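J.: Data file run_34.cif (mmCIF, C-alpha atoms and all ligand atoms) is appended below.
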```cif
data_query
#
loop_
_atom_site.label_atom_id
_atom_site.label_comp_id
_atom_site.auth_asym_id
_atom_site.auth_seq_id
_atom_site.Cartn_x
_atom_site.Cartn_y
_atom_site.Cartn_z
CA MET A 151 -8.73 11.90 -13.25
CA SER A 152 -9.10 15.65 -12.84
CA SER A 153 -7.68 17.17 -9.67
CA SER A 154 -10.92 16.78 -7.64
CA TRP A 155 -12.09 13.38 -6.39
CA SER A 156 -15.08 11.83 -8.15
CA ILE A 157 -16.13 8.47 -6.76
CA ASP A 158 -18.21 7.89 -9.89
CA ALA A 159 -15.13 8.34 -12.10
CA VAL A 160 -13.09 6.08 -9.79
CA ARG A 161 -15.73 3.35 -9.90
CA ALA A 162 -15.97 3.58 -13.68
CA ALA A 163 -12.26 2.68 -13.75
CA PHE A 164 -13.11 -0.80 -12.38
CA PRO A 165 -15.13 -2.93 -14.86
CA ALA A 166 -16.24 -5.34 -12.10
CA LEU A 167 -18.06 -2.61 -10.19
CA ALA A 168 -20.73 -2.39 -12.85
CA LEU A 169 -21.74 -6.04 -12.48
CA GLN A 170 -25.13 -7.07 -11.18
CA ASP A 171 -26.69 -10.45 -10.45
CA ASP A 172 -30.45 -10.74 -10.99
CA GLY A 173 -30.60 -6.95 -10.91
CA VAL A 174 -28.72 -6.64 -7.61
CA ALA A 175 -25.40 -4.80 -7.67
CA ARG A 176 -22.39 -6.49 -6.16
CA ALA A 177 -20.77 -4.80 -3.16
CA TYR A 178 -17.15 -5.88 -2.80
CA LEU A 179 -16.27 -5.46 0.87
CA ASP A 180 -13.65 -8.20 0.71
CA ALA A 181 -10.70 -5.93 -0.16
CA PRO A 182 -8.25 -7.25 2.48
CA ALA A 183 -8.53 -10.69 0.85
CA GLY A 184 -8.25 -9.31 -2.68
CA THR A 185 -9.31 -6.13 -4.43
CA GLN A 186 -11.05 -5.77 -7.76
CA MET A 187 -8.78 -5.15 -10.74
CA ALA A 188 -8.46 -1.70 -12.23
CA GLY A 189 -9.34 -1.54 -15.92
CA ARG A 190 -5.84 -0.21 -16.64
CA SER A 191 -4.39 -3.36 -15.12
CA ILE A 192 -6.66 -5.68 -17.13
CA ASP A 193 -5.91 -3.73 -20.34
CA ARG A 194 -2.16 -3.98 -19.78
CA MET A 195 -2.43 -7.74 -19.28
CA VAL A 196 -4.56 -8.27 -22.37
CA ARG A 197 -2.21 -6.12 -24.44
CA LEU A 198 0.86 -8.05 -23.32
CA MET A 199 -0.77 -11.42 -23.86
CA THR A 200 -1.99 -10.35 -27.30
CA THR A 201 1.03 -8.57 -28.71
CA ALA A 202 4.07 -9.56 -26.63
CA CYS A 203 3.60 -13.13 -25.49
CA ALA A 204 7.13 -14.54 -25.21
CA ASN A 205 9.97 -14.98 -22.76
CA ASP A 206 12.40 -12.10 -22.30
CA GLY A 207 15.88 -12.09 -23.81
CA GLY A 208 15.00 -12.80 -27.47
CA VAL A 209 15.82 -10.70 -30.53
CA PHE A 210 12.33 -10.87 -32.08
CA ARG A 211 9.49 -8.41 -31.62
CA THR A 212 7.31 -10.19 -29.04
CA SER A 213 10.28 -10.83 -26.76
CA VAL A 214 11.65 -7.31 -27.13
CA GLU A 215 8.26 -5.72 -26.39
CA GLY A 216 7.58 -8.03 -23.46
CA GLU A 217 10.99 -7.30 -22.00
CA ALA A 218 10.35 -3.57 -22.23
CA THR A 219 7.17 -4.02 -20.21
CA MET A 220 9.07 -6.15 -17.69
CA PHE A 221 11.57 -3.31 -17.13
CA GLU A 222 8.77 -0.75 -16.95
CA ALA A 223 6.92 -2.82 -14.32
CA HIS A 224 10.05 -3.10 -12.19
CA ARG A 225 10.68 0.66 -12.44
CA ALA A 226 7.06 1.40 -11.54
CA CYS A 227 7.30 -0.84 -8.46
CA ALA A 228 10.49 0.96 -7.45
CA ALA A 229 8.57 4.26 -7.66
CA LEU A 230 5.66 2.77 -5.72
CA LEU A 231 7.92 1.73 -2.84
CA ASN A 232 10.57 4.44 -3.18
CA ALA A 233 13.24 1.81 -3.78
CA ALA A 234 16.71 3.09 -4.67
CA SER A 235 16.64 1.10 -7.93
CA PHE A 236 14.49 -1.28 -9.99
CA GLU A 237 17.22 -3.85 -9.29
CA GLU A 238 15.84 -4.17 -5.77
CA ILE A 239 12.42 -5.37 -7.02
CA VAL A 240 11.75 -9.12 -7.23
CA PHE A 241 8.53 -10.51 -8.67
CA GLY A 242 7.12 -13.81 -7.50
CA LEU A 243 3.95 -15.85 -7.39
CA ASN A 244 2.66 -14.37 -4.14
CA THR A 245 3.90 -13.08 -0.79
CA THR A 246 3.94 -16.49 0.90
CA SER A 247 6.14 -18.19 -1.67
CA LEU A 248 8.51 -15.19 -1.82
CA LEU A 249 8.98 -15.32 1.94
CA PHE A 250 9.56 -19.09 1.91
CA HIS A 251 12.11 -18.50 -0.85
CA VAL A 252 14.06 -15.69 0.86
CA SER A 253 13.89 -17.43 4.23
CA ARG A 254 16.15 -20.18 2.85
CA ILE A 255 18.52 -17.58 1.42
CA LEU A 256 18.73 -15.53 4.60
CA ALA A 257 19.10 -18.52 6.93
CA ARG A 258 22.13 -19.99 5.12
CA ASP A 259 24.57 -18.66 7.73
CA TRP A 260 22.40 -18.85 10.85
CA ARG A 261 23.98 -20.86 13.66
CA ALA A 262 22.59 -22.76 16.63
CA GLY A 263 22.15 -20.28 19.47
CA ASP A 264 21.22 -17.40 17.13
CA GLU A 265 17.82 -15.81 17.65
CA ILE A 266 14.99 -14.36 15.56
CA VAL A 267 12.03 -12.22 16.60
CA LEU A 268 8.59 -12.94 15.12
CA SER A 269 5.33 -11.17 15.85
CA ARG A 270 2.04 -12.40 17.24
CA MET A 271 0.24 -9.89 15.02
CA ASP A 272 1.35 -11.30 11.68
CA HIS A 273 -0.30 -13.29 8.93
CA ASP A 274 1.29 -16.74 8.99
CA ALA A 275 3.08 -15.98 5.70
CA ASN A 276 5.55 -13.90 7.73
CA VAL A 277 5.78 -16.46 10.54
CA ALA A 278 5.76 -20.03 9.20
CA PRO A 279 8.71 -19.62 6.77
CA TRP A 280 10.90 -18.26 9.60
CA LEU A 281 9.76 -20.94 12.05
CA ALA A 282 10.74 -23.61 9.55
CA VAL A 283 14.29 -22.32 8.94
CA ALA A 284 14.76 -21.55 12.65
CA GLU A 285 13.97 -25.17 13.46
CA GLU A 286 16.34 -26.44 10.78
CA ARG A 287 19.20 -24.27 12.10
CA GLY A 288 18.60 -24.60 15.84
CA VAL A 289 17.75 -20.90 16.10
CA ALA A 290 15.66 -19.67 19.05
CA VAL A 291 12.39 -17.85 18.33
CA ARG A 292 11.32 -14.91 20.46
CA TRP A 293 7.91 -13.30 20.17
CA LEU A 294 6.92 -9.66 19.85
CA ASP A 295 3.44 -9.52 21.37
CA PHE A 296 0.63 -7.00 21.03
CA ASP A 297 -1.76 -5.52 23.55
CA THR A 298 -5.24 -7.06 23.25
CA GLU A 299 -6.83 -3.81 24.51
CA THR A 300 -4.94 -1.24 22.45
CA PHE A 301 -4.28 -3.54 19.44
CA ARG A 302 -0.73 -2.18 19.16
CA TYR A 303 2.65 -3.88 19.40
CA ASP A 304 4.32 -4.00 22.79
CA TYR A 305 7.14 -1.70 21.68
CA ASP A 306 8.58 -1.48 25.20
CA SER A 307 9.54 -5.16 24.98
CA LEU A 308 11.81 -4.59 21.96
CA ASP A 309 14.93 -3.88 24.04
CA ALA A 310 14.54 -7.15 25.91
CA LEU A 311 13.72 -9.16 22.76
CA ILE A 312 16.42 -7.92 20.42
CA GLY A 313 20.06 -8.56 21.30
CA PRO A 314 23.49 -9.36 19.87
CA ARG A 315 22.42 -12.86 18.70
CA THR A 316 19.32 -11.58 16.86
CA ARG A 317 19.58 -12.35 13.13
CA LEU A 318 16.13 -11.30 11.95
CA VAL A 319 13.05 -9.36 13.07
CA ALA A 320 9.79 -9.90 11.15
CA CYS A 321 6.68 -7.75 11.57
CA ASN A 322 3.80 -6.30 9.56
CA HIS A 323 3.11 -2.77 8.45
CA ALA A 324 -0.65 -3.18 8.84
CA SER A 325 -2.53 -6.11 10.37
CA ASN A 326 -4.89 -8.10 8.13
CA LEU A 327 -7.24 -8.74 11.06
CA LEU A 328 -6.91 -5.74 13.39
CA GLY A 329 -6.22 -3.10 10.77
CA THR A 330 -3.59 -1.41 12.96
CA ILE A 331 -0.81 0.46 11.14
CA ASN A 332 2.37 -0.32 13.03
CA ASP A 333 5.43 1.76 13.82
CA VAL A 334 7.69 -0.29 11.59
CA LYS A 335 10.40 2.36 11.62
CA ARG A 336 10.89 1.85 15.33
CA ILE A 337 11.12 -1.92 14.95
CA ALA A 338 13.49 -1.70 11.97
CA GLU A 339 15.72 0.71 13.89
CA ALA A 340 15.93 -1.67 16.84
CA ALA A 341 16.86 -4.51 14.46
CA ARG A 342 19.45 -2.42 12.63
CA ALA A 343 21.10 -1.37 15.90
CA VAL A 344 22.22 -4.99 16.45
CA GLY A 345 22.89 -5.82 12.79
CA ALA A 346 19.71 -7.93 12.40
CA VAL A 347 17.73 -8.01 9.15
CA SER A 348 14.20 -6.57 9.32
CA VAL A 349 11.42 -8.03 7.18
CA VAL A 350 8.16 -6.13 6.78
CA ASP A 351 4.95 -7.68 5.50
CA GLY A 352 3.39 -4.75 3.68
CA VAL A 353 0.50 -6.71 2.17
CA GLN A 354 -2.18 -4.77 4.04
CA SER A 355 -0.59 -1.32 4.06
CA ALA A 356 0.33 -1.27 0.37
CA PRO A 357 -3.33 -0.98 -0.82
CA HIS A 358 -4.00 2.10 1.30
CA MET A 359 -0.97 4.36 1.61
CA LEU A 360 2.22 5.66 0.09
CA THR A 361 5.02 3.24 0.95
CA ASP A 362 8.54 4.53 1.50
CA VAL A 363 10.89 1.65 2.20
CA GLN A 364 13.81 4.01 2.67
CA ALA A 365 11.98 6.00 5.34
CA LEU A 366 10.81 2.80 7.04
CA GLY A 367 14.44 1.71 7.24
CA CYS A 368 13.69 -2.00 6.86
CA ASP A 369 15.68 -4.48 4.74
CA LEU A 370 12.87 -6.41 3.05
CA PHE A 371 9.32 -5.37 2.24
CA VAL A 372 6.79 -7.56 0.52
CA PHE A 373 3.28 -7.04 -0.87
CA SER A 374 0.65 -8.80 -2.99
CA PRO A 375 -0.51 -6.85 -6.08
CA TYR A 376 -3.83 -8.71 -6.17
CA LYS A 377 -4.75 -6.68 -3.09
CA VAL A 378 -3.59 -3.48 -4.81
CA PHE A 379 -6.00 -3.44 -7.79
CA GLY A 380 -3.82 -5.74 -9.89
CA PRO A 381 -3.43 -9.45 -10.69
CA HIS A 382 -2.28 -12.37 -8.55
CA ALA A 383 1.46 -11.95 -7.96
CA GLY A 384 3.90 -11.10 -5.18
CA VAL A 385 6.50 -8.33 -5.06
CA LEU A 386 9.54 -8.30 -2.83
CA TRP A 387 11.79 -5.34 -2.25
CA MET A 388 15.23 -6.21 -0.93
CA ARG A 389 17.73 -3.53 0.05
CA GLY A 390 20.63 -3.48 -2.42
CA GLU A 391 23.30 -3.66 0.30
CA LEU A 392 21.63 -6.79 1.68
CA MET A 393 21.51 -8.37 -1.79
CA ASP A 394 25.25 -7.76 -2.07
CA ARG A 395 25.88 -9.83 1.07
CA LEU A 396 23.65 -12.78 0.11
CA THR A 397 23.91 -15.70 -2.30
CA PRO A 398 20.85 -16.29 -4.47
CA LEU A 399 19.10 -19.64 -4.70
CA LYS A 400 19.06 -20.15 -8.45
CA VAL A 401 19.64 -22.53 -11.33
CA ARG A 402 23.19 -22.13 -12.66
CA PRO A 403 22.51 -20.87 -16.21
CA SER A 404 20.01 -18.17 -15.17
CA PRO A 405 21.10 -14.48 -15.15
CA GLN A 406 23.70 -13.41 -12.60
CA GLN A 407 22.33 -9.87 -12.29
CA ALA A 408 19.89 -8.34 -9.85
CA PRO A 409 16.97 -8.45 -9.73
CA TRP A 410 16.55 -11.40 -12.11
CA MET A 411 18.81 -13.76 -10.19
CA TRP A 412 16.63 -13.50 -7.08
CA ALA A 413 13.42 -14.66 -8.78
CA PRO A 414 13.21 -18.42 -9.31
CA GLY A 415 12.27 -19.54 -12.82
CA THR A 416 10.31 -17.79 -15.55
CA PRO A 417 8.10 -15.04 -14.12
CA SER A 418 4.53 -14.23 -15.10
CA PHE A 419 5.20 -11.44 -17.59
CA GLU A 420 1.47 -10.90 -17.90
CA ALA A 421 1.20 -10.36 -14.13
CA GLN A 422 4.03 -7.84 -14.32
CA ALA A 423 2.13 -5.97 -17.03
CA GLY A 424 -0.95 -6.03 -14.80
CA VAL A 425 0.99 -4.64 -11.84
CA LEU A 426 2.24 -1.83 -14.06
CA GLY A 427 -1.37 -1.03 -14.99
CA ALA A 428 -2.45 -1.07 -11.33
CA ILE A 429 0.31 1.40 -10.48
CA GLU A 430 -0.79 3.60 -13.39
CA HIS A 431 -4.28 3.51 -11.90
CA ILE A 432 -3.02 4.81 -8.53
CA ALA A 433 -1.07 7.53 -10.32
CA TRP A 434 -4.22 8.50 -12.25
CA LEU A 435 -6.16 8.90 -8.98
CA GLY A 436 -3.93 11.83 -8.02
CA GLY A 437 -4.93 13.91 -11.03
CA LEU A 438 -1.43 15.24 -11.67
CA GLY A 439 -0.21 15.53 -15.24
CA SER A 440 2.70 13.65 -16.75
CA GLU A 441 5.01 16.60 -16.03
CA ALA A 442 5.10 15.28 -12.43
CA THR A 443 7.31 12.27 -11.69
CA LEU A 444 5.61 8.91 -11.25
CA ARG A 445 6.45 9.03 -7.54
CA GLU A 446 4.79 12.46 -7.24
CA GLN A 447 1.73 11.20 -9.11
CA LEU A 448 1.55 8.19 -6.81
CA ALA A 449 1.87 10.36 -3.69
CA ALA A 450 -1.04 12.48 -4.93
CA GLY A 451 -3.04 9.34 -5.75
CA TRP A 452 -2.58 7.92 -2.28
CA ARG A 453 -3.46 11.27 -0.66
CA ALA A 454 -6.75 11.31 -2.56
CA SER A 455 -7.44 7.65 -1.80
CA GLN A 456 -6.72 8.11 1.91
CA ALA A 457 -8.98 11.13 2.17
CA TRP A 458 -11.88 9.16 0.68
CA GLU A 459 -11.16 6.08 2.80
CA GLY A 460 -11.11 8.34 5.89
CA THR A 461 -14.64 9.52 5.07
CA LEU A 462 -15.79 5.93 4.58
CA MET A 463 -14.11 4.75 7.79
CA ARG A 464 -15.86 7.39 9.89
CA ARG A 465 -19.21 6.51 8.34
CA PHE A 466 -18.77 2.76 8.73
CA LEU A 467 -17.44 2.95 12.30
CA ALA A 468 -20.25 5.25 13.44
CA GLY A 469 -22.85 2.81 12.10
CA LEU A 470 -21.05 -0.24 13.45
CA LYS A 471 -20.69 1.21 16.94
CA ALA A 472 -24.43 1.90 17.02
CA ILE A 473 -25.16 -1.86 16.85
CA PRO A 474 -25.81 -3.04 20.44
CA GLY A 475 -23.32 -5.66 21.62
CA MET A 476 -21.05 -5.34 18.58
CA ARG A 477 -17.44 -6.14 19.52
CA LEU A 478 -14.72 -4.55 17.40
CA TYR A 479 -11.25 -6.11 17.31
CA GLY A 480 -9.18 -3.07 16.41
CA LEU A 481 -8.82 0.66 16.87
CA GLY A 482 -12.24 2.30 17.11
CA GLY A 483 -11.64 5.84 18.35
CA ASP A 484 -12.38 8.71 15.98
CA ASN A 485 -8.94 10.10 16.79
CA GLU A 486 -7.26 6.78 15.96
CA LEU A 487 -8.24 6.55 12.31
CA ALA A 488 -4.83 7.70 11.09
CA ASP A 489 -3.35 4.61 12.74
CA ARG A 490 -5.53 2.06 10.94
CA VAL A 491 -6.46 0.86 7.49
CA PRO A 492 -10.18 0.42 6.63
CA THR A 493 -10.27 -3.25 7.63
CA PHE A 494 -12.81 -3.95 10.37
CA SER A 495 -13.04 -7.24 12.26
CA PHE A 496 -15.93 -7.69 14.64
CA THR A 497 -18.53 -10.03 16.11
CA LEU A 498 -22.24 -9.46 16.57
CA PRO A 499 -24.15 -10.73 19.60
CA GLY A 500 -25.89 -14.09 19.18
CA ARG A 501 -24.74 -14.55 15.58
CA GLN A 502 -21.92 -16.70 14.24
CA ALA A 503 -19.52 -14.84 11.97
CA SER A 504 -20.15 -17.42 9.25
CA GLU A 505 -23.92 -16.78 9.42
CA VAL A 506 -23.42 -13.03 9.20
CA VAL A 507 -21.36 -13.25 5.98
CA SER A 508 -23.77 -15.79 4.47
CA ASP A 509 -26.58 -13.35 5.13
CA LEU A 510 -24.57 -10.54 3.51
CA ALA A 511 -23.75 -12.79 0.54
CA SER A 512 -27.43 -13.54 0.02
CA HIS A 513 -27.84 -9.79 -0.58
CA ASN A 514 -24.79 -9.73 -2.89
CA VAL A 515 -22.57 -8.04 -0.29
CA PHE A 516 -19.20 -9.78 -0.16
CA ALA A 517 -17.27 -10.10 3.11
CA TRP A 518 -15.26 -12.77 4.90
CA ALA A 519 -15.56 -14.67 8.18
CA GLY A 520 -12.72 -16.51 9.92
CA SER A 521 -9.30 -15.51 11.15
CA PHE A 522 -7.61 -15.06 7.76
CA TYR A 523 -4.35 -16.95 8.52
CA ALA A 524 -3.65 -14.44 11.31
CA HIS A 525 -3.01 -17.54 13.34
CA GLU A 526 -1.30 -15.98 16.35
CA ILE A 527 -3.80 -13.10 16.66
CA ALA A 528 -6.73 -15.50 16.60
CA GLN A 529 -5.18 -17.51 19.45
CA ARG A 530 -4.40 -14.40 21.48
CA LEU A 531 -7.91 -12.98 21.05
CA GLY A 532 -9.66 -16.32 21.55
CA VAL A 533 -11.47 -16.13 18.21
CA ALA A 534 -9.73 -19.05 16.48
CA GLU A 535 -12.76 -21.34 16.69
CA ASN A 536 -15.65 -19.11 15.65
CA GLY A 537 -13.78 -16.38 13.83
CA VAL A 538 -14.79 -12.80 13.24
CA VAL A 539 -16.57 -10.95 10.45
CA ARG A 540 -14.18 -8.88 8.35
CA VAL A 541 -15.44 -5.95 6.29
CA GLY A 542 -12.77 -4.23 4.22
CA LEU A 543 -13.18 -0.97 2.36
CA ALA A 544 -11.15 0.30 -0.57
CA HIS A 545 -10.90 3.63 -2.38
CA TYR A 546 -13.50 2.36 -4.87
CA THR A 547 -16.10 1.71 -2.14
CA SER A 548 -19.10 4.07 -2.25
CA LYS A 549 -20.97 5.61 0.68
CA ALA A 550 -24.07 3.79 -0.54
CA GLU A 551 -22.26 0.46 -0.22
CA VAL A 552 -21.21 1.30 3.33
CA ASP A 553 -24.81 2.14 4.18
CA ARG A 554 -26.06 -1.03 2.50
CA ALA A 555 -23.73 -3.17 4.59
CA LEU A 556 -24.63 -1.34 7.79
CA ALA A 557 -28.35 -1.77 7.16
CA LEU A 558 -27.88 -5.55 6.79
CA LEU A 559 -25.57 -5.82 9.81
CA SER A 560 -27.99 -3.84 12.02
CA ALA A 561 -31.11 -5.74 10.93
C1 LIG A 601 -0.89 -9.46 5.85
C2 LIG A 601 -0.81 -10.57 4.85
N1 LIG A 601 0.38 -11.14 4.64
C3 LIG A 601 0.53 -12.14 3.75
C4 LIG A 601 -0.53 -12.61 3.02
C5 LIG A 601 -0.32 -13.73 2.04
O1 LIG A 601 -0.24 -13.21 0.78
P1 LIG A 601 -0.26 -14.16 -0.51
O2 LIG A 601 -1.65 -14.63 -0.67
O3 LIG A 601 0.19 -13.23 -1.61
O4 LIG A 601 0.70 -15.26 -0.29
C6 LIG A 601 -1.79 -12.05 3.20
C7 LIG A 601 -2.96 -12.57 2.46
O5 LIG A 601 -4.08 -12.41 2.85
C8 LIG A 601 -1.93 -11.00 4.14
O6 LIG A 601 -3.11 -10.41 4.37
#
```
What is this file in structure tokens?
Ligand SMILES: Cc1ncc(COP(=O)(O)O)c(C=O)c1O

T.:
Amino acid sequence: MSSSWSIDAVRAAFPALALQDDGVARAYLDAPAGTQMAGRSIDRMVRLMTTACANDGGVFRTSVEGEATMFEAHRACAALLNAASFEEIVFGLNTTSLLFHVSRILARDWRAGDEIVLSRMDHDANVAPWLAVAEERGVAVRWLDFDTETFRYDYDSLDALIGPRTRLVACNHASNLLGTINDVKRIAEAARAVGAVSVVDGVQSAPHMLTDVQALGCDLFVFSPYKVFGPHAGVLWMRGELMDRLTPLKVRPSPQQAPWMWAPGTPSFEAQAGVLGAIEHIAWLGGLGSEATLREQLAAGWRASQAWEGTLMRRFLAGLKAIPGMRLYGLGGDNELADRVPTFSFTLPGRQASEVVSDLASHNVFAWAGSFYAHEIAQRLGVAENGVVRVGLAHYTSKAEVDRALALLSA
């Protein structure tokens, strides 16, 4: 894209945005559950499946070409996350299965009486795997809570929660229900100070901002490319020094080198190609030429995306707050927008969340109701039974779509 933002050009880069049903355009406000795929991502997948469909490691053309794409996808992910090396990037099926997988690896040397800290603001993918291994090993679980008024972690409790027996601290970068962006650096620092491993669920921050795992200071960071304009897959970053201390869970004949030895079984090479295309899409958004590094292009892409999402957030919040009796579960102040992603969970007076999204769906506006596996949050907020409506915006959302949703929600 040229250096100035054009929402029409951005939307044209997503084939699905042109679709209509019975003459009514689709409005995809379900981004936190899964974004639409960028055309570049789809094209990369089709190309790989057409011309390079084989396992890696062979001497013939399809294998050689496919392997080259595999390396390129790992390098692109390293640039996306600011990893020290592509060797720290592990592809998997999705975030949940990657976390179940690494939980077994990390827990190998946990002892009865050790402790871990989990958060009440996390998607269950970053809770259940740790609960399971903690139970197996007799490890005590301590909980990092959040404030139900400010929707932020209770950072002051960290000193009391984290101590010499703490082996692991797990938290999220952005909440999939509240939308809060959390001070992960502070949590990772507290974990590091006692030699504990910090695990960050970046699934909801990765679609909206430049990630820098080195600046965050965590040890593991995981995200789901199908929420970042690519295909269904999971990506795990693991700090090289941590890899050096751990033993992989692998079949004996498989490669002994990082990152391959950390991923169980044959990966989806086509998904890796798709992730590469999605990253190329983000780079394209920034409008920088190829003389800039990929990381610089990505930084510019995220700056442009964030500026547009900021405009959309202000517009959506203003309209939402004008609905009498609307209750927002998340940061709502105009001066708080830098601390949230454009994911809005709310209830409307006298209407079940499920009815609201059915009504939206009948007008071809797509949104979710429920509590989205944010199991602990739903309990804490008392919304587990009826759920909330969740409207999620992305950089491809138009102002007209925001207005269309608001008109239906206010009716
Ligand atoms: C914050 C968060 N973490 C984890 C997950 C699970 O990701 P996956 O579907 O890739 O297992 C989700 C999915 O919605 C999520 O929003």

J.: Using the file's own x, y and z axes, so that the box edges lie along x, y and z, what centre and edge lengths in Å (one decimal) does a box around every listed atom of region 309-327 of chain A get when 6 Å is added on each side? Give it as AutoDock Vina command-line options.

T.:
```
--center_x 8.1 --center_y -7.8 --center_z 17.0 --size_x 42.7 --size_y 22.1 --size_z 29.8
```

J.: Show me which residues sit within 9 Å of ligand LIG 601 (chain A) when counting only C-alpha atoms and all ligand atoms, and put them as a ChimeraX atom specification.

T.: /A:182-184,243-249,272-276,322-327,351-355,372-377,382-385,522-524

J.: Please provide as a count of residues only all residues within 7 Å of region 294-310 of chain A, with the sequence filter that same-chain residues fewer than 3 positions apart are discarded (counting only C-alpha atoms).

T.: 10

J.: My list of candidates is A:Val283, A:Leu169, A:Met359, A:Val277. Which is closest to Ala544 (chain A) when distances are computed with only C-alpha atoms?

T.: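 Ranked by minimum distance to Ala544 (chain A), first place goes to A:Met359.
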
J.: Provide the CA of Ala356 (chain A) to CA of Leu558 (chain A) distance in Å, to one decimal place.

T.: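 Taking CA of Ala356 (chain A) as the start and CA of Leu558 (chain A) as the end point, the length is 29.2 Å.
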
J.: Which is closer to Ala346 (chain A) than all the others in A:Ser418, A:Thr316, A:Ser191, A:Gln456, using only C-alpha atoms?

T.: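 Residue with the minimum atom-to-atom distance to Ala346 (chain A): A:Thr316.
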
J.: Which residue out of A:Ala228, A:Leu167, A:Arg176, A:Gln186 has the minimum interatomic distance to Leu510 (chain A) when only C-alpha atoms are used?

T.: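 Smallest separation from Leu510 (chain A) among the options: A:Arg176.
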
J.: So that I can check the surroundings of Thr493 (chain A), please list as a PDB file with C-alpha atoms, in the coordinates of the input every protein, DNA and RNA residue that reaches within 7 Å of it, counting all atoms listed in the file and ignoring chain neighbours fewer than 4 positions away.

T.:
```pdb
ATOM      1  CA  PRO A 182      -8.250  -7.250   2.480  1.00  0.00           C
ATOM      2  CA  GLY A 329      -6.220  -3.100  10.770  1.00  0.00           C
ATOM      3  CA  ARG A 540     -14.180  -8.880   8.350  1.00  0.00           C
ATOM      4  CA  VAL A 541     -15.440  -5.950   6.290  1.00  0.00           C
ATOM      5  CA  GLY A 542     -12.770  -4.230   4.220  1.00  0.00           C
ATOM      6  CA  LEU A 543     -13.180  -0.970   2.360  1.00  0.00           C
TER       7      LEU A 543
END
```

J.: Hey, which of A:Ala557, A:Leu399, A:Ala175, A:Leu462 ends up closest to Asp509 (chain A)? Count only C-alpha atoms.

T.: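 Between A:Ala557, A:Leu399, A:Ala175, A:Leu462, the residue approaching Asp509 (chain A) most closely is A:Ala557.
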
J.: A:Tyr178, A:Phe379, A:Trp293, A:Trp155: which is nearest Cys321 (chain A), counting only C-alpha atoms?

T.: A:Trp293

J.: Could you check which of A:Asn232, A:Ala343, A:Val350, A:Ala204 is closest to Ala449 (chain A), using all atoms listed in the file?

T.: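 Selected residue with least distance to Ala449 (chain A): A:Asn232.
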
J.: As a PDB file, keeping the file's coordinate frame, please: region 445-457 of chain A completed to N, CA and C atoms.

T.:
```pdb
ATOM      1  N   ARG A 445       6.532   9.045  -9.008  1.00  0.00           N
ATOM      2  CA  ARG A 445       6.450   9.030  -7.540  1.00  0.00           C
ATOM      3  C   ARG A 445       5.534  10.165  -7.039  1.00  0.00           C
ATOM      4  N   GLU A 446       5.650  11.340  -7.643  1.00  0.00           N
ATOM      5  CA  GLU A 446       4.790  12.460  -7.240  1.00  0.00           C
ATOM      6  C   GLU A 446       3.329  12.158  -7.567  1.00  0.00           C
ATOM      7  N   GLN A 447       3.115  11.556  -8.726  1.00  0.00           N
ATOM      8  CA  GLN A 447       1.730  11.200  -9.110  1.00  0.00           C
ATOM      9  C   GLN A 447       1.166  10.172  -8.129  1.00  0.00           C
ATOM     10  N   LEU A 448       2.014   9.224  -7.743  1.00  0.00           N
ATOM     11  CA  LEU A 448       1.550   8.190  -6.810  1.00  0.00           C
ATOM     12  C   LEU A 448       1.250   8.796  -5.440  1.00  0.00           C
ATOM     13  N   ALA A 449       2.103   9.712  -5.003  1.00  0.00           N
ATOM     14  CA  ALA A 449       1.870  10.360  -3.690  1.00  0.00           C
ATOM     15  C   ALA A 449       0.531  11.084  -3.718  1.00  0.00           C
ATOM     16  N   ALA A 450       0.239  11.764  -4.817  1.00  0.00           N
ATOM     17  CA  ALA A 450      -1.040  12.480  -4.930  1.00  0.00           C
ATOM     18  C   ALA A 450      -2.197  11.482  -4.974  1.00  0.00           C
ATOM     19  N   GLY A 451      -1.998  10.380  -5.670  1.00  0.00           N
ATOM     20  CA  GLY A 451      -3.040   9.340  -5.750  1.00  0.00           C
ATOM     21  C   GLY A 451      -3.362   8.784  -4.379  1.00  0.00           C
ATOM     22  N   TRP A 452      -2.334   8.478  -3.615  1.00  0.00           N
ATOM     23  CA  TRP A 452      -2.580   7.920  -2.280  1.00  0.00           C
ATOM     24  C   TRP A 452      -3.221   8.950  -1.351  1.00  0.00           C
ATOM     25  N   ARG A 453      -2.834  10.224  -1.504  1.00  0.00           N
ATOM     26  CA  ARG A 453      -3.460  11.270  -0.660  1.00  0.00           C
ATOM     27  C   ARG A 453      -4.960  11.300  -0.922  1.00  0.00           C
ATOM     28  N   ALA A 454      -5.327  11.258  -2.198  1.00  0.00           N
ATOM     29  CA  ALA A 454      -6.750  11.310  -2.560  1.00  0.00           C
ATOM     30  C   ALA A 454      -7.476  10.064  -2.055  1.00  0.00           C
ATOM     31  N   SER A 455      -6.842   8.912  -2.235  1.00  0.00           N
ATOM     32  CA  SER A 455      -7.440   7.650  -1.800  1.00  0.00           C
ATOM     33  C   SER A 455      -7.641   7.642  -0.285  1.00  0.00           C
ATOM     34  N   GLN A 456      -6.626   8.112   0.439  1.00  0.00           N
ATOM     35  CA  GLN A 456      -6.720   8.110   1.910  1.00  0.00           C
ATOM     36  C   GLN A 456      -7.803   9.049   2.410  1.00  0.00           C
ATOM     37  N   ALA A 457      -7.950  10.180   1.743  1.00  0.00           N
ATOM     38  CA  ALA A 457      -8.980  11.130   2.170  1.00  0.00           C
ATOM     39  C   ALA A 457     -10.364  10.483   2.031  1.00  0.00           C
TER      40      ALA A 457
END
```
